[in-house]
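One structure is given here, and the rest of the page talks about it.
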2 protein chains.
Amino acid sequence: MSDYSLLFAPLTLNHTTLPNRVVVTAMVTRLSGEDGFVNQAILDRYARFARGEAGLIVVEATAVHRARSGPLLRLCDDGFIPGHRDLVERVHAAGPSKVALQIIHFLKIARSGWRQTVDMLSEDELGEVVRGYAQAAARARAAGYDAVELHMAHAYTLSSFLSARNRRRDRSGGRSLEARLRLPSEVLARVRESVGADFTVGVRFDGEECIKGGYGLGDARQIALRFAQLGADYISLSAGGKFEDAIHKEGVPLYPYTGYSGDRAMPPDSYQDGANVYLAEGIRAYLRAQGYATPVVATGKIATPAQADAILRAGQADLVGLARAALADPDWPKKARRGQPERIVRCIYGNICKNLDENFQKVRCGSLWPRGTLNAPELTDDDTPPAWPAAGALLAARLNENGQVRLTWSPALDGQGVYGYEIFRAINNGPSVHLTSSLTPTHVDEYALAGNRYRYRVRAYDFAGNRSPESNAAEITVTPGFALPPGRSLALDGAAAASAQPGERPNP
Amino acid sequence: MSDYSLLFAPLTLNHTTLPNRVVVTAMVTRLSGEDGFVNQAILDRYARFARGEAGLIVVEATAVHRARSGPLLRLCDDGFIPGHRDLVERVHAAGPSKVALQIIHFLKIARSGWRQTVDMLSEDELGEVVRGYAQAAARARAAGYDAVELHMAHAYTLSSFLSARNRRRDRSGGRSLEARLRLPSEVLARVRESVGADFTVGVRFDGEECIKGGYGLGDARQIALRFAQLGADYISLSAGGKFEDAIHKEGVPLYPYTGYSGDRAMPPDSYQDGANVYLAEGIRAYLRAQGYATPVVATGKIATPAQADAILRAGQADLVGLARAALADPDWPKKARRGQPERIVRCIYGNICKNLDENFQKVRCGSLWPRGTLNAPELTDDDTPPAWPAAGALLAARLNENGQVRLTWSPALDGQGVYGYEIFRAINNGPSVHLTSSLTPTHVDEYALAGNRYRYRVRAYDFAGNRSPESNAAEITVTPGFALPPGRSLALDGAAAASAQPGERPNP
């Protein structure tokens, strides 16, 4: 039923066939206990993704070692295998998705701001990192996972070896790319021996570090080539997420997503859609030129099935990764498959989820999920749409002196409950375009430009995806705060209308 | 004589026709006195660029106001016009180049680390900024410049209004894009009135701020559209260069290129060539989709005429900007026109020039120019190539435990003087590729990868561009520091040979 034929073309990684090209990439949840065992909240979260029909679900970073941390899944001894076996069974039972486990090693951090860096590790400790990965990968296979993903991105141990800021001065050190590659290469080689030739092993790493003195796409191409040469079954790209530019808060452990590199790891609404796709594109093209067919996963603010399909069609990637978009609506793949992309509850990239993680709280979609819930609501069979109150939606738009348009309207009514509101905007005589969504009957538009007339409408939606009638239209004309030169106009045409708001921007 | 037909196609901006598509973008020189007047060193620097035949030379940022600073050109009253008139005459007399003046307003900074921000400015002060630009632009026209360029990039006043981190809360404030655009729009409108419809006015701004909470390409598209709507004759794109992530050194005024955003403004050798071209490409495509033909200048580690021509052919930009590459060799355009791109002394992107600026010293190419000189050497008519001593070049390669290859060789001999050395590298049976250049007989290669045989040769060149015979070959085979899985190879093929070093990477 879907037009997204490439998005729904199966893909085989080693001996695992994914039903489609959508990957739910690993996300911190803070849902496990400090004991590191799989619990009910974890089972529920991943089963929910599976009901949404993603091709591959990558379970959150799971520690290969015993080091202290907050709530974090572990697989550092065989006692953790049964919990993971349950998790895999729950996911497989809930839908067609394959499921991978991301495994991680990290170094020590302290509330003082001190952190252990890779140059402090002894050769013995390097050996423990390698053994940790190799053993955890074997346990992941024993637990029934379809794949294991080696976390070599962001602020953690293996990423810090790959980093151009690796300060070691030995064969695992920072003065040459080969030395930076040594330990990650050894980890991948030993994991492969540990899990066997026929098990799917992926690697996730940064296509760009996004820190001063960090590596860029140039080095990332060589790093990807190394992983392809060593037989990685897929390469998944992130960006940034480093400690080096993290902002230290007194008495709180350093959190690696608080600086610019954290913005790049999870591009906020002010970034263009697909902001990091160029990394996947550059790396995939380089691998292909070298004769390697290793599939590449693009991530970073990929919002809609149309964008995802376009990325695949343009040959920028083989798989598209969703994190926040899948959190906002786990049914994104299912709705796309059904040809109902307009029913997707679109992530607004407000990064409330990121803030929850940053503040050591359980991660949920704080923008769009009903208050207090720990998972996205289930699709229901209800076919009664929400309605406006008798007096109507009473949508009103007010322009303030800062140039913001403040929208307010009356709450809608629904038998089962209103889930949220879609906000549409038309510029001048252009088409009405979905601008954003909101849980509450209010929105502030910071992207209304002078010389143009903006016409807004809203629509309520319920848990089944039923839509209310459109509200009344509210109009605003923004006058320039300066005198135009003669003969000049600030009027936007229809194409601009569809792209004058970050959420509506096409890919670069 | 050149194959770069697009690079050497003239382009008319308003009523000014550039002889080719090469723009020498504005660079800090620290060559003027503290008095702000044009002096002999300034005249010599820009005449040198003109002898190199760039299409447009943009003279360094020149203050529209009197605020204290280090050595900096000024045009804040009519008394500065005669010096600029001399400069324009010297440039026009020296070659075919057109010449623009970049004009700047900046805020106060203190050695304590304190800096004035845009939210501290009164409405009267905003009016002074507008008048400063409008009057300085008129003086630039009076001085005979072919164009004026409004500096709205990096850490300075107008860029800080455009910034997503503009903290004002009024009509020139940070809560909407329109408010952020207001003052820059007014400046452009009043400059146009001041210089008249027939004078070329360009705008340079950041395609991406590259700081936490900064704007990305999404906002940049809208900003570019506004300048196009207001009649800018060209748009030149930079990236980063902000105060927000600058590293404060005790007792030294904050320097806005010391953080990650400074790396992005001047991408170092670890970045791929053309690292920021995607910004020009994204903005140009957006302007064209909106019906605006405004020419766009791409900048950021564009190293060779072949790359520059490819950028134009791919429609990523209309003009290519060189800064460090033009400093390293002002004759870059002339050598390209003559079909001698191999004679270009290629920038190695070591950023010694950036470090000189950062340390308040006169800016020169500290990597490739003869020691002690304040300008690149002139091309001479000498046709005797350098020679190796009787014992030969004695090139030797040594691999250390960090994975670095250290090359040393004997100094060459030349009647007029050896200018430098070109270093070539072949991987396995691949072609010998120019890796980098060096003023001294030594180089360290940090990009030799395990499983491969590297063969190096060097060649000396003199001021006329004559080359010595090739040296002996020195070989190194790099063995992996880990055990490979069965059946896997780390061998690179010829294509990798040409791209396994940052300086040799193709555009993304």
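How things are named: the first chain in the structure tokens is A, the next is B, and so on; residues count from 1 in each chain; ligands count from 1 in the order shown.
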For this session: Apply DSSP to the structure's backbone, then extract all residues of segment 48-234 of chain B labelled alpha helix (DSSP H) and return them as a ChimeraX atom specification.
Result: /B:48-51,81-94,123-142,157-162,177-195,217-229
Would you pick out the contacts of Asp357 of chain B at 8 Å or less, using only C-alpha atoms, so that residues sharing its chain but fewer than 4 positions from it are not included, and give the list as a PDB file with all heavy atoms, in the first residue's frame?
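Here's the written file out_19.pdb:
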```pdb
ATOM      1  N   VAL B  28      42.637  38.576   7.706  1.00  0.00           N
ATOM      2  CA  VAL B  28      43.362  39.450   8.634  1.00  0.00           C
ATOM      3  C   VAL B  28      44.837  39.430   8.236  1.00  0.00           C
ATOM      4  O   VAL B  28      45.378  38.358   7.930  1.00  0.00           O
ATOM      5  CB  VAL B  28      43.217  38.918  10.078  1.00  0.00           C
ATOM      6  CG1 VAL B  28      44.098  39.697  11.033  1.00  0.00           C
ATOM      7  CG2 VAL B  28      41.768  38.968  10.512  1.00  0.00           C
ATOM      8  N   THR B  29      45.485  40.605   8.240  1.00  0.00           N
ATOM      9  CA  THR B  29      46.931  40.624   7.941  1.00  0.00           C
ATOM     10  C   THR B  29      47.757  41.117   9.128  1.00  0.00           C
ATOM     11  O   THR B  29      48.918  40.764   9.242  1.00  0.00           O
ATOM     12  CB  THR B  29      47.242  41.552   6.748  1.00  0.00           C
ATOM     13  OG1 THR B  29      46.916  42.903   7.110  1.00  0.00           O
ATOM     14  CG2 THR B  29      46.464  41.134   5.511  1.00  0.00           C
ATOM     15  N   ARG B  30      47.177  41.994   9.968  1.00  0.00           N
ATOM     16  CA  ARG B  30      47.931  42.682  11.026  1.00  0.00           C
ATOM     17  C   ARG B  30      49.133  43.441  10.462  1.00  0.00           C
ATOM     18  O   ARG B  30      50.152  43.610  11.139  1.00  0.00           O
ATOM     19  CB  ARG B  30      48.379  41.705  12.121  1.00  0.00           C
ATOM     20  CG  ARG B  30      47.208  41.039  12.838  1.00  0.00           C
ATOM     21  CD  ARG B  30      47.600  40.399  14.142  1.00  0.00           C
ATOM     22  NE  ARG B  30      46.459  39.743  14.754  1.00  0.00           N
ATOM     23  CZ  ARG B  30      45.549  40.343  15.538  1.00  0.00           C
ATOM     24  NH1 ARG B  30      45.660  41.630  15.813  1.00  0.00           N
ATOM     25  NH2 ARG B  30      44.541  39.658  16.048  1.00  0.00           N
ATOM     26  N   CYS B 353      49.392  30.396   9.705  1.00  0.00           N
ATOM     27  CA  CYS B 353      48.867  31.757   9.491  1.00  0.00           C
ATOM     28  C   CYS B 353      47.825  32.099  10.552  1.00  0.00           C
ATOM     29  O   CYS B 353      47.823  33.198  11.121  1.00  0.00           O
ATOM     30  CB  CYS B 353      48.287  31.894   8.087  1.00  0.00           C
ATOM     31  SG  CYS B 353      47.147  30.567   7.601  1.00  0.00           S
ATOM     32  N   GLN B 361      50.502  38.532  15.712  1.00  0.00           N
ATOM     33  CA  GLN B 361      51.668  38.783  14.871  1.00  0.00           C
ATOM     34  C   GLN B 361      51.238  38.983  13.416  1.00  0.00           C
ATOM     35  O   GLN B 361      50.145  38.590  13.022  1.00  0.00           O
ATOM     36  CB  GLN B 361      52.639  37.601  14.976  1.00  0.00           C
ATOM     37  CG  GLN B 361      53.201  37.491  16.386  1.00  0.00           C
ATOM     38  CD  GLN B 361      54.085  36.264  16.565  1.00  0.00           C
ATOM     39  OE1 GLN B 361      54.525  35.694  15.592  1.00  0.00           O
ATOM     40  NE2 GLN B 361      54.321  35.891  17.802  1.00  0.00           N
ATOM     41  N   LYS B 362      52.130  39.610  12.651  1.00  0.00           N
ATOM     42  CA  LYS B 362      51.839  39.817  11.232  1.00  0.00           C
ATOM     43  C   LYS B 362      51.583  38.473  10.559  1.00  0.00           C
ATOM     44  O   LYS B 362      52.319  37.507  10.785  1.00  0.00           O
ATOM     45  CB  LYS B 362      53.003  40.535  10.564  1.00  0.00           C
ATOM     46  CG  LYS B 362      53.085  41.989  11.003  1.00  0.00           C
ATOM     47  CD  LYS B 362      54.288  42.716  10.455  1.00  0.00           C
ATOM     48  CE  LYS B 362      54.242  44.153  10.993  1.00  0.00           C
ATOM     49  NZ  LYS B 362      55.487  44.888  10.717  1.00  0.00           N
ATOM     50  N   VAL B 363      50.546  38.429   9.739  1.00  0.00           N
ATOM     51  CA  VAL B 363      50.136  37.160   9.152  1.00  0.00           C
ATOM     52  C   VAL B 363      50.869  36.924   7.839  1.00  0.00           C
ATOM     53  O   VAL B 363      50.865  37.761   6.940  1.00  0.00           O
ATOM     54  CB  VAL B 363      48.603  37.141   8.937  1.00  0.00           C
ATOM     55  CG1 VAL B 363      48.183  35.871   8.207  1.00  0.00           C
ATOM     56  CG2 VAL B 363      47.893  37.245  10.289  1.00  0.00           C
TER      57      VAL B 363
END
```
For this session: Give me, please, the distance in Å between atom CA of Cys365 of chain A and atom CA of Gly262 of chain A, quoted to one decimal.
Result: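 Calculated distance between atom CA of Cys365 of chain A and atom CA of Gly262 of chain A is 18.1 Å.
If you measure from each of A:Asn20, A:Ser172, A:Asp233, A:His84 to Glu123 of chain A using only C-alpha atoms, the closest one turns out to be A:Ser172.
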Exercise. Could you name the residues that touch Ile352 of chain B at 12 Å or less, counting only C-alpha atoms, but leaving out those on the same chain fewer than 5 positions away, as a VMD selection string?
Worked result: chain B and resid 266 268 to 269 324 327 to 328 347 357 to 359 361 to 369
For this session: Find the spatial neighbours of segment 447-463 of chain B, counting only C-alpha atoms, within a cut-off of 6 Å - ignore same-chain residues fewer than 6 positions away - and output them as a VMD selection string.
Result: (chain A and resid 177 to 178) or (chain B and resid 379 418 to 428 470 to 471 473 to 480 490 to 491 501)
Problem set entry | Non-local contacts of Asp86 of chain B (10 Å; only C-alpha atoms; under 3 positions in same chain excluded) as a list in words |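 Everything that qualifies: Val38, Asn39, Leu43, Ile81, Pro82, Gly83, Glu89, Arg90, Val91, His92, Ala143 and Gly144 of chain B.
Shortest separation to chain B among A:Thr258, A:Ser5, A:Gln135, A:Asn375 occurs at residue A:Thr258, atoms counted being only C-alpha atoms.
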Exercise. So which residues touch Ala63 of chain B within 7 Å, counting only C-alpha atoms, skipping near sequence neighbours fewer than 2 positions away, as number ranges by chain?
Worked result: B: 61, 65, 73-76, 103-105
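Minimum atom-to-atom distance to Ala246 of chain A, evaluated using only C-alpha atoms, belongs to A:Arg115 out of A:Arg115, A:Ala47, A:Leu162, A:Ser432.
Among B:Ala67, B:Val195, B:Ala50, B:Val277, the residue with the shortest atom-to-atom distance to Asp329 of chain B, counting only C-alpha atoms, is B:Ala50.
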